[in-house]
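As provided, target.cif (mmCIF, C-alpha atoms (C1' of nucleotides)) reads as follows.
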```cif
data_run
#
loop_
_atom_site.label_atom_id
_atom_site.label_comp_id
_atom_site.auth_asym_id
_atom_site.auth_seq_id
_atom_site.Cartn_x
_atom_site.Cartn_y
_atom_site.Cartn_z
CA MET T 92 -2.55 82.61 -26.82
CA GLU T 93 0.66 83.94 -25.38
CA PHE T 94 1.84 87.46 -24.87
CA ASN T 95 3.74 88.10 -28.07
CA GLU T 96 0.95 86.78 -30.21
CA ALA T 97 -1.63 88.87 -28.41
CA LYS T 98 0.58 91.91 -28.67
CA ALA T 99 1.18 91.45 -32.41
CA GLN T 100 -2.53 91.06 -33.03
CA PHE T 101 -3.31 94.12 -31.01
CA LEU T 102 -0.74 96.28 -32.81
CA GLN T 103 -2.06 94.99 -36.10
CA THR T 104 -5.70 95.72 -35.32
CA TRP T 105 -5.05 99.13 -33.86
CA GLY T 106 -3.06 100.02 -36.96
CA ALA T 107 -5.91 98.97 -39.22
CA LEU T 108 -8.42 100.91 -37.14
CA GLY T 109 -6.18 103.93 -37.35
CA SER T 110 -5.92 103.87 -41.10
CA GLN T 111 -9.68 103.54 -41.43
CA TRP T 112 -10.04 106.62 -39.30
CA GLY T 113 -7.54 108.75 -41.11
CA ILE T 114 -4.39 108.19 -39.08
CA ASN T 115 -1.71 106.30 -40.91
CA LYS T 116 -1.03 102.72 -40.01
CA THR T 117 2.48 103.15 -38.66
CA MET T 118 1.51 106.17 -36.61
CA ALA T 119 -1.34 104.25 -35.03
CA GLN T 120 0.94 101.30 -34.35
CA ILE T 121 3.64 103.37 -32.74
CA HIS T 122 1.02 104.95 -30.56
CA ALA T 123 -0.40 101.55 -29.63
CA LEU T 124 3.04 100.30 -28.79
CA LEU T 125 3.78 103.26 -26.55
CA MET T 126 0.44 102.87 -24.82
CA ILE T 127 1.07 99.31 -23.77
CA SER T 128 4.69 99.82 -22.78
CA PRO T 129 5.27 100.05 -19.05
CA ASP T 130 8.29 102.25 -19.73
CA SER T 131 8.93 104.94 -22.25
CA LEU T 132 10.73 103.80 -25.39
CA SER T 133 13.59 105.18 -27.42
CA MET T 134 13.39 105.58 -31.15
CA GLU T 135 15.60 102.51 -31.47
CA ASP T 136 13.15 100.49 -29.41
CA VAL T 137 10.28 101.55 -31.62
CA MET T 138 12.20 100.78 -34.80
CA GLU T 139 13.13 97.39 -33.45
CA GLU T 140 9.67 96.40 -32.23
CA LEU T 141 7.83 97.44 -35.36
CA GLN T 142 10.59 96.70 -37.81
CA ILE T 143 10.53 100.13 -39.39
CA SER T 144 13.24 102.47 -40.58
CA ARG T 145 14.69 105.33 -38.64
CA GLY T 146 13.16 107.89 -40.99
CA ASN T 147 9.74 106.41 -40.68
CA ALA T 148 9.99 106.25 -36.89
CA SER T 149 11.22 109.82 -36.68
CA MET T 150 8.49 111.27 -38.89
CA ASN T 151 5.66 109.42 -37.26
CA LEU T 152 6.86 110.13 -33.75
CA ARG T 153 6.91 113.77 -34.66
CA GLY T 154 3.42 113.42 -36.08
CA LEU T 155 2.21 111.95 -32.81
CA ILE T 156 3.83 114.78 -30.87
CA ASP T 157 2.08 117.27 -33.19
CA TRP T 158 -1.23 115.61 -32.40
CA GLY T 159 -0.32 116.13 -28.75
CA ILE T 160 -0.73 112.49 -27.80
CA VAL T 161 2.90 111.51 -27.33
CA TYR T 162 5.59 113.24 -25.29
CA LYS T 163 9.34 113.27 -25.26
CA GLU T 164 11.03 112.33 -22.07
CA TYR T 165 14.61 112.88 -21.11
CA LYS T 166 16.15 110.45 -18.73
CA PRO T 167 18.78 111.93 -16.43
CA GLY T 168 22.26 111.09 -17.54
CA GLU T 169 21.01 109.70 -20.82
CA ARG T 170 21.62 111.31 -24.13
CA ARG T 171 18.85 109.77 -26.14
CA GLU T 172 15.23 110.81 -26.18
CA TYR T 173 12.47 108.60 -24.90
CA PHE T 174 8.85 108.65 -25.95
CA LYS T 175 5.78 108.13 -23.88
CA ALA T 176 2.11 108.03 -24.83
CA ASP T 177 -0.55 110.00 -23.08
CA GLN T 178 -1.94 107.34 -20.76
CA ASP T 179 -5.45 108.66 -20.48
CA VAL T 180 -7.68 107.24 -23.19
CA ASP T 181 -10.33 109.92 -22.71
CA SER T 182 -7.87 112.71 -23.20
CA LEU T 183 -6.44 110.92 -26.20
CA ALA T 184 -9.80 110.75 -27.90
CA ARG T 185 -10.56 114.33 -26.94
CA LYS T 186 -7.37 115.57 -28.55
CA ILE T 187 -7.98 113.62 -31.71
CA ALA T 188 -11.49 114.97 -31.99
CA VAL T 189 -10.37 118.55 -31.50
CA GLU T 190 -7.54 118.21 -34.01
CA ARG T 191 -9.66 116.62 -36.69
CA SER T 192 -12.30 119.28 -36.27
CA LYS T 193 -9.65 121.92 -36.68
CA ARG T 194 -7.86 120.29 -39.59
CA GLU T 195 -10.76 118.96 -41.62
CA ILE T 196 -14.22 120.03 -40.56
CA LYS T 197 -13.59 123.73 -40.05
CA PRO T 198 -11.92 124.21 -43.45
CA ALA T 199 -14.73 122.30 -45.18
CA LEU T 200 -17.26 124.52 -43.43
CA ARG T 201 -15.55 127.59 -44.75
CA VAL T 202 -15.76 126.28 -48.32
CA LEU T 203 -19.42 125.43 -47.91
CA GLU T 204 -20.07 128.92 -46.66
CA GLY T 205 -18.35 130.41 -49.65
CA VAL T 206 -20.08 128.20 -52.12
CA LYS T 207 -23.64 128.25 -50.91
CA ASN T 208 -24.47 131.79 -51.94
CA PHE T 209 -22.51 131.99 -55.10
CA ASP T 210 -24.60 134.19 -57.37
CA GLU T 211 -27.75 135.80 -56.07
CA THR T 212 -29.15 136.35 -59.51
CA ASP T 213 -28.98 132.81 -60.82
CA GLU T 214 -32.39 131.24 -60.33
CA SER T 215 -32.21 128.23 -62.59
CA PRO T 216 -33.57 125.03 -61.03
CA GLU T 217 -30.03 123.65 -60.80
CA ALA T 218 -28.82 126.74 -59.01
CA LEU T 219 -31.74 126.76 -56.60
CA LYS T 220 -31.36 123.10 -55.75
CA PHE T 221 -27.65 123.62 -55.30
CA LYS T 222 -28.14 126.51 -52.92
CA MET T 223 -30.65 124.55 -50.92
CA LYS T 224 -28.54 121.45 -50.60
CA THR T 225 -25.28 123.17 -49.80
CA GLN T 226 -27.08 125.20 -47.17
CA GLU T 227 -28.49 122.02 -45.68
CA LEU T 228 -25.11 120.32 -45.70
CA HIS T 229 -23.49 123.34 -44.17
CA ASP T 230 -26.03 123.40 -41.37
CA PHE T 231 -25.57 119.73 -40.81
CA VAL T 232 -21.80 119.68 -40.72
CA ASN T 233 -21.90 122.73 -38.49
CA LYS T 234 -24.26 121.06 -36.04
CA ALA T 235 -22.18 117.90 -36.01
CA ASP T 236 -19.11 119.95 -35.27
CA THR T 237 -20.89 121.81 -32.49
CA MET T 238 -22.03 118.55 -31.03
CA LEU T 239 -18.50 117.21 -31.08
CA GLU T 240 -17.36 120.31 -29.24
CA LYS T 241 -20.03 119.95 -26.61
CA ILE T 242 -19.27 116.31 -26.04
CA VAL T 243 -15.58 116.99 -25.85
CA ASN T 244 -15.86 119.91 -23.49
CA GLN T 245 -17.32 117.94 -20.65
CA LYS T 246 -14.22 117.92 -18.55
CA GLU T 247 -13.47 114.29 -17.76
CA ASN T 248 -14.93 110.95 -18.66
CA TRP T 249 -16.87 112.68 -21.34
CA ILE T 250 -18.11 109.56 -23.07
CA THR T 251 -19.64 108.18 -19.90
CA LYS T 252 -21.12 111.53 -19.01
CA THR T 253 -22.56 111.98 -22.45
CA ILE T 254 -24.10 108.55 -22.49
CA MET T 255 -25.65 109.34 -19.14
CA LYS T 256 -27.23 112.44 -20.54
CA LEU T 257 -28.54 110.58 -23.52
CA MET T 258 -30.14 107.96 -21.31
CA THR T 259 -33.16 110.16 -20.62
CA MET G 199 -18.64 133.27 -58.61
CA GLU G 200 -20.92 131.59 -61.07
CA PHE G 201 -22.72 128.28 -60.85
CA ASN G 202 -20.24 125.99 -62.52
CA GLU G 203 -17.37 127.28 -60.50
CA ALA G 204 -19.28 126.91 -57.26
CA LYS G 205 -20.38 123.44 -58.23
CA ALA G 206 -16.85 122.33 -59.11
CA GLN G 207 -15.54 123.65 -55.83
CA PHE G 208 -18.27 121.93 -53.91
CA LEU G 209 -17.69 118.56 -55.63
CA GLN G 210 -14.01 118.95 -54.99
CA THR G 211 -14.38 119.75 -51.30
CA TRP G 212 -16.94 117.07 -50.62
CA GLY G 213 -14.66 114.53 -52.31
CA ALA G 214 -11.74 115.56 -50.09
CA LEU G 215 -13.89 115.40 -46.97
CA GLY G 216 -15.06 111.95 -48.04
CA SER G 217 -11.57 110.59 -48.43
CA GLN G 218 -10.55 111.96 -45.04
CA TRP G 219 -13.49 110.12 -43.52
CA GLY G 220 -12.90 106.80 -45.18
CA ILE G 221 -15.11 107.03 -48.25
CA ASN G 222 -13.18 107.18 -51.46
CA LYS G 223 -13.00 110.43 -53.35
CA THR G 224 -14.96 109.42 -56.41
CA MET G 225 -17.67 107.82 -54.36
CA ALA G 226 -18.07 110.96 -52.32
CA GLN G 227 -18.14 113.08 -55.47
CA ILE G 228 -20.76 110.96 -57.18
CA HIS G 229 -22.83 111.19 -54.07
CA ALA G 230 -22.41 114.94 -53.91
CA LEU G 231 -23.35 115.26 -57.56
CA LEU G 232 -26.51 113.23 -57.10
CA MET G 233 -27.46 115.25 -54.04
CA ILE G 234 -27.41 118.55 -55.85
CA SER G 235 -29.07 117.29 -59.01
CA PRO G 236 -32.75 118.23 -59.31
CA ASP G 237 -33.33 115.08 -61.38
CA SER G 238 -31.91 111.62 -61.13
CA LEU G 239 -28.92 110.94 -63.36
CA SER G 240 -27.93 108.09 -65.62
CA MET G 241 -24.53 106.48 -65.44
CA GLU G 242 -23.62 108.36 -68.61
CA ASP G 243 -24.50 111.66 -66.95
CA VAL G 244 -22.30 110.86 -63.99
CA MET G 245 -19.40 109.80 -66.21
CA GLU G 246 -19.74 112.95 -68.22
CA GLU G 247 -19.99 115.35 -65.27
CA LEU G 248 -17.09 113.91 -63.31
CA GLN G 249 -15.01 112.81 -66.28
CA ILE G 250 -14.61 109.27 -65.07
CA SER G 251 -14.68 105.91 -66.81
CA ARG G 252 -17.66 103.62 -67.04
CA GLY G 253 -16.03 101.01 -64.82
CA ASN G 254 -15.29 103.53 -62.13
CA ALA G 255 -18.82 104.93 -62.27
CA SER G 256 -20.33 101.48 -62.14
CA MET G 257 -18.30 100.29 -59.18
CA ASN G 258 -18.77 103.40 -57.12
CA LEU G 259 -22.47 103.65 -57.82
CA ARG G 260 -22.79 100.11 -56.62
CA GLY G 261 -20.78 101.00 -53.55
CA LEU G 262 -23.17 103.83 -52.80
CA ILE G 263 -26.13 101.53 -53.23
CA ASP G 264 -24.49 99.08 -50.81
CA TRP G 265 -24.16 101.87 -48.29
CA GLY G 266 -27.89 102.44 -48.78
CA ILE G 267 -27.55 106.10 -49.66
CA VAL G 268 -28.26 105.98 -53.39
CA TYR G 269 -31.16 104.31 -55.18
CA LYS G 270 -31.81 103.11 -58.67
CA GLU G 271 -34.79 104.55 -60.44
CA TYR G 272 -36.47 103.25 -63.52
CA LYS G 273 -38.16 105.76 -65.73
CA PRO G 274 -41.26 104.44 -67.53
CA GLY G 275 -40.53 103.67 -71.14
CA GLU G 276 -36.80 104.09 -70.61
CA ARG G 277 -34.34 101.31 -70.74
CA ARG G 278 -31.50 102.84 -68.80
CA GLU G 279 -31.18 103.06 -65.05
CA TYR G 280 -31.19 106.35 -63.22
CA PHE G 281 -29.61 107.08 -59.89
CA LYS G 282 -30.87 109.26 -57.11
CA ALA G 283 -29.36 110.18 -53.75
CA ASP G 284 -31.19 109.90 -50.50
CA GLN G 285 -32.30 113.51 -50.06
CA ASP G 286 -32.38 113.57 -46.29
CA VAL G 287 -29.03 114.58 -44.84
CA ASP G 288 -29.90 113.23 -41.40
CA SER G 289 -30.73 109.83 -42.71
CA LEU G 290 -27.60 109.88 -44.83
CA ALA G 291 -25.40 110.48 -41.81
CA ARG G 292 -27.31 107.94 -39.79
CA LYS G 293 -26.75 105.26 -42.39
CA ILE G 294 -23.07 106.04 -42.65
CA ALA G 295 -22.66 105.89 -38.89
CA VAL G 296 -24.45 102.55 -38.65
CA GLU G 297 -22.48 101.05 -41.51
CA ARG G 298 -19.12 102.16 -40.23
CA SER G 299 -19.90 100.84 -36.79
CA LYS G 300 -20.82 97.52 -38.34
CA ARG G 301 -17.88 97.35 -40.70
CA GLU G 302 -15.08 98.73 -38.56
CA ILE G 303 -15.84 99.26 -34.90
CA LYS G 304 -17.61 96.00 -34.15
CA PRO G 305 -14.87 93.82 -35.68
CA ALA G 306 -12.18 95.77 -33.82
CA LEU G 307 -14.10 95.26 -30.58
CA ARG G 308 -14.14 91.54 -31.15
CA VAL G 309 -10.36 91.50 -31.56
CA LEU G 310 -9.86 93.56 -28.43
CA GLU G 311 -12.04 91.12 -26.52
CA GLY G 312 -10.00 88.21 -27.75
CA VAL G 313 -6.71 89.82 -27.00
CA LYS G 314 -7.28 91.36 -23.60
CA ASN G 315 -7.32 88.10 -21.64
CA PHE G 316 -4.74 86.18 -23.52
CA ASP G 317 -3.00 84.15 -20.86
CA GLU G 318 -4.23 84.21 -17.28
CA THR G 319 -0.97 82.94 -15.93
CA ASP G 320 1.38 85.51 -17.40
CA GLU G 321 1.97 88.16 -14.76
CA SER G 322 5.04 89.92 -16.10
CA PRO G 323 4.83 93.73 -15.91
CA GLU G 324 4.47 93.89 -19.70
CA ALA G 325 1.61 91.43 -19.65
CA LEU G 326 -0.17 93.22 -16.82
CA LYS G 327 0.14 96.60 -18.45
CA PHE G 328 -1.05 95.12 -21.71
CA LYS G 329 -4.10 93.60 -20.11
CA MET G 330 -4.93 96.82 -18.38
CA LYS G 331 -4.57 98.99 -21.44
CA THR G 332 -6.41 96.74 -23.87
CA GLN G 333 -9.21 96.45 -21.33
CA GLU G 334 -9.36 100.22 -21.08
CA LEU G 335 -9.35 100.65 -24.83
CA HIS G 336 -12.01 98.03 -25.22
CA ASP G 337 -14.23 99.77 -22.72
CA PHE G 338 -13.66 103.07 -24.41
CA VAL G 339 -14.35 101.92 -27.95
CA ASN G 340 -17.37 100.07 -26.69
CA LYS G 341 -18.74 103.16 -24.97
CA ALA G 342 -18.12 105.29 -28.03
CA ASP G 343 -19.95 102.78 -30.15
CA THR G 344 -22.84 102.70 -27.70
CA MET G 345 -22.98 106.45 -27.74
CA LEU G 346 -23.09 106.48 -31.50
CA GLU G 347 -25.97 104.05 -31.39
CA LYS G 348 -27.86 106.16 -28.93
CA ILE G 349 -27.36 109.31 -30.91
CA VAL G 350 -28.35 107.62 -34.11
CA ASN G 351 -31.44 105.98 -32.72
CA GLN G 352 -33.22 109.17 -31.93
CA LYS G 353 -35.66 108.96 -34.75
CA GLU G 354 -35.39 112.16 -36.73
CA ASN G 355 -33.25 115.25 -36.58
CA TRP G 356 -30.97 113.42 -34.29
CA ILE G 357 -28.18 115.93 -34.31
CA THR G 358 -30.43 118.76 -33.25
CA LYS G 359 -32.11 116.61 -30.63
CA THR G 360 -28.80 115.45 -29.26
CA ILE G 361 -27.44 118.96 -29.05
CA MET G 362 -30.57 119.95 -27.17
CA LYS G 363 -30.00 117.23 -24.64
CA LEU G 364 -26.41 118.24 -24.21
CA MET G 365 -27.38 121.86 -23.58
CA THR G 366 -28.22 121.18 -19.93
"C1'" DT W 178 -33.12 84.17 -81.71
"C1'" DT W 179 -30.75 87.97 -82.91
"C1'" DA W 180 -29.44 92.60 -82.37
"C1'" DA W 181 -29.14 96.53 -79.73
"C1'" DA W 182 -28.80 98.98 -75.41
"C1'" DG W 183 -27.05 98.84 -71.24
"C1'" DT W 184 -24.22 97.05 -67.15
"C1'" DT W 185 -20.54 94.63 -64.76
"C1'" DT W 186 -16.11 92.69 -64.20
"C1'" DC W 187 -11.32 92.67 -63.97
"C1'" DA W 188 -6.42 92.62 -65.65
"C1'" DG W 189 -3.40 96.20 -66.53
"C1'" DT W 190 -2.00 100.85 -65.47
"C1'" DA W 191 -1.89 105.20 -63.16
"C1'" DA W 192 -1.97 107.97 -59.09
"C1'" DT W 193 -1.35 108.39 -54.48
"C1'" DT W 194 0.62 107.55 -50.13
"C1'" DA W 195 4.03 105.48 -47.10
"C1'" DT W 196 8.76 103.89 -46.32
"C1'" DT W 197 13.61 103.50 -46.72
"C1'" DG W 198 18.31 104.76 -46.18
"C1'" DA W 199 21.88 107.71 -46.46
"C1'" DA W 200 23.48 112.38 -46.02
"C1'" DA W 201 23.02 116.60 -43.39
"C1'" DC W 202 22.37 118.46 -39.27
"C1'" DT W 203 22.50 119.10 -33.90
"C1'" DT W 204 24.11 118.53 -29.51
"C1'" DA W 205 27.04 116.82 -26.03
"C1'" DT W 206 31.59 115.08 -24.63
"C1'" DT W 207 36.65 114.83 -24.52
"C1'" DA Y 251 37.71 121.87 -32.14
"C1'" DA Y 252 37.32 117.19 -33.17
"C1'" DT Y 253 34.59 113.20 -32.38
"C1'" DA Y 254 30.76 110.61 -31.18
"C1'" DA Y 255 25.83 109.89 -30.31
"C1'" DG Y 256 21.68 110.96 -31.74
"C1'" DT Y 257 17.97 113.12 -34.83
"C1'" DT Y 258 15.92 115.01 -38.98
"C1'" DT Y 259 15.26 115.56 -43.78
"C1'" DC Y 260 14.26 114.20 -48.28
"C1'" DA Y 261 14.98 112.08 -52.93
"C1'" DA Y 262 14.34 107.56 -54.53
"C1'" DT Y 263 11.51 103.53 -54.20
"C1'" DA Y 264 7.98 100.45 -52.68
"C1'" DA Y 265 3.33 99.47 -51.43
"C1'" DT Y 266 -1.23 100.53 -51.68
"C1'" DT Y 267 -5.27 102.13 -53.63
"C1'" DA Y 268 -8.03 103.88 -57.39
"C1'" DC Y 269 -9.12 104.08 -62.34
"C1'" DT Y 270 -9.43 102.76 -67.15
"C1'" DG Y 271 -11.08 100.42 -71.05
"C1'" DA Y 272 -12.35 96.63 -73.35
"C1'" DA Y 273 -14.46 92.14 -73.17
"C1'" DA Y 274 -18.09 89.45 -71.09
"C1'" DC Y 275 -22.39 89.47 -69.55
"C1'" DT Y 276 -27.57 90.67 -69.10
"C1'" DT Y 277 -31.88 92.34 -70.50
"C1'" DT Y 278 -35.25 94.03 -73.63
"C1'" DA Y 279 -37.52 94.23 -77.86
"C1'" DA Y 280 -38.07 93.42 -82.82
#
```
For the structure just supplied, provide its representation as structure tokens.
Amino acid sequence: MEFNEAKAQFLQTWGALGSQWGINKTMAQIHALLMISPDSLSMEDVMEELQISRGNASMNLRGLIDWGIVYKEYKPGERREYFKADQDVDSLARKIAVERSKREIKPALRVLEGVKNFDETDESPEALKFKMKTQELHDFVNKADTMLEKIVNQKENWITKTIMKLMT
Amino acid sequence: MEFNEAKAQFLQTWGALGSQWGINKTMAQIHALLMISPDSLSMEDVMEELQISRGNASMNLRGLIDWGIVYKEYKPGERREYFKADQDVDSLARKIAVERSKREIKPALRVLEGVKNFDETDESPEALKFKMKTQELHDFVNKADTMLEKIVNQKENWITKTIMKLMT
DNA sequence: TTAAAGTTTCAGTAATTATTGAAACTTATT
DNA sequence: AATAAGTTTCAATAATTACTGAAACTTTAA
């Protein structure tokens, strides 16, 4: 296997993994590309490598910057912007976890809170079961979220550290 | 807020959460519906409640059974099949975690393994960086997967137990 | 062995999500 | 202040993914 083949397969796989985990394919691929590039890349470079349009590149680069995992870089004397991926895999994962908690888990928790005690007077079996189950789910999602926070808040190398703790 | 409103909102939210986490909306909604139902439901019931077609109901119920989180039930004397959700939220999450690891993480790991040592002789800066980064990512994904396994293998109430351990 | 009750499959269609490409906008340079 | 280099936006379109509905299939029971 030579370099370009390996690279294509990697970009492909990382893109697929991304879309399974809620990040769109192109965004994941751009990120992968920036991660393996020794130097930062211009938007043109990204468009060229991944064969995507300017609009697509622009939107997804912005998305990555919003996630806080890609930075703009300005080269002295150069007009155009260059992009660079956060090189630390741990910090990458930490940021993703924090963002997804904020964007998805926290809002869902709020809905569950609202819904679980909807009408104190309704004591039909359906209503009781509903209250019970939504309470349970709320507690569960809440615990999972708390766990995520704890894992993520170990300063560096959190995965290793957490595995260590779990080794008992 | 009265029951039906709360229920609709819950089904809605759980469906959205599902699709963000890689389970399709209808599948997540059927599952949610079965979880809050005091009795098991027939396919007709599910179709009726969620206003979906027979084909859709059939496929997604099968999907849920494949995930191992919904069971068929046969009522004595009755011809039709009834469906029932696993009632234990912990075991639900555990099964999802195990399945997703099997279906998505493990295959991605295999690709990363294949790709990270593609051509021993290529020592261009691009190739070196690529090797380094894919190695790093492989190690990371592998550790995350191991962590998931460890968390999941604590027999019951794994979230609570894991949080306890992390309390240090 | 036939009919009735129920379930599955899948081609066609609908809904959703991602992408393009060109125009509008911004910023720097002469 | 006009031009050039670069970036962003967004309506139109393409690609993907999910859903329908009817036909084919299976199982049970008369």
Counting all atoms listed in the file, select every polymer residue within 12 Å of (2.3, 102.2, -32.4) as defined in the file's coordinates, and provide the selection as a PyMOL selection string. chain T and resi 98-99+101-109+114-128+132+134+136-143+147-148+151-152+154-155+160-161+174-176
Would you translate the PyMOL selection byres ((chain W) within 8 of (chain G)) into the concrete set of residues it matches in this file, as a ChimeraX atom specification? /W:182-185
Counting only C-alpha atoms (C1' of nucleotides), a student should be able to say which residues of chain Y come within 9 Å of chain T; what is the right answer, written as number ranges by chain? Y: 255-259
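With the cut-off set to 6 Å and only C-alpha atoms counted, chain T residues close to chain G are Met92, Glu93, Ala97, Gln111, Gly113, Ile127, Val206, Phe209, Asp210, Phe221, Met238 and Ile254 of chain T.
What separates CA of Arg201 in chain T from CA of His229 in chain T is a distance of 9.0 Å.
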By how many Å are C1' of DA274 in chain Y and C1' of DT186 in chain W apart? 7.9 Å
I need the residue set behind the PyMOL selection byres ((chain W and resi 199) around 12) for this file; please write it as a tab-separated table (two decimals) with C-alpha atoms (C1' of nucleotides), in the coordinates of the input.
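See selection_31.tsv below for the written result:
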```tsv
chain	number	residue	atom	x	y	z
T	144	SER	CA	13.24	102.47	-40.58
T	145	ARG	CA	14.69	105.33	-38.64
T	146	GLY	CA	13.16	107.89	-40.99
W	197	DT	C1'	13.61	103.50	-46.72
W	198	DG	C1'	18.31	104.76	-46.18
W	200	DA	C1'	23.48	112.38	-46.02
W	201	DA	C1'	23.02	116.60	-43.39
Y	259	DT	C1'	15.26	115.56	-43.78
Y	260	DC	C1'	14.26	114.20	-48.28
Y	261	DA	C1'	14.98	112.08	-52.93
Y	262	DA	C1'	14.34	107.56	-54.53
```
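Coordinates place C1' of DC202 in chain W at a distance of 14.1 Å from C1' of DA254 in chain Y.
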Each side padded by 3 Å, which centre and which edge lengths in Å (one decimal) define the axis-aligned box around the listed atoms of range 202-210 of chain T? Give them as AutoDock Vina command-line options.
```
--center_x -20.2 --center_y 129.8 --center_z -52.0 --size_x 14.8 --size_y 14.8 --size_z 16.7
```
So what does the PyMOL selection byres ((chain W and resi 178) around 12) actually pick up in this one, as a PDB file with C-alpha atoms (C1' of nucleotides), in the frame of the given file?
```
ATOM      1  C1'  DT W 179     -30.750  87.970 -82.910  1.00  0.00           C
ATOM      2  C1'  DA W 180     -29.440  92.600 -82.370  1.00  0.00           C
TER       3       DA W 180
ATOM      4  C1'  DA Y 279     -37.520  94.230 -77.860  1.00  0.00           C
ATOM      5  C1'  DA Y 280     -38.070  93.420 -82.820  1.00  0.00           C
TER       6       DA Y 280
END
```
Can you tell me, as a CSV table (one decimal) with C-alpha atoms (C1' of nucleotides), in the coordinates of the input, what residues are no more than 10 Å from DT267 in chain Y when counting all atoms listed in the file, ignoring any on the same chain fewer than 4 positions away?
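Produced file out28.csv, reproduced below:
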```
chain,number,residue,atom,x,y,z
G,222,ASN,CA,-13.2,107.2,-51.5
W,192,DA,C1',-2.0,108.0,-59.1
W,193,DT,C1',-1.4,108.4,-54.5
W,194,DT,C1',0.6,107.6,-50.1
```
G:Glu321, G:Glu311, G:Asp264, G:Glu276: which is nearest Lys293 in chain G, counting all atoms listed in the file? G:Asp264
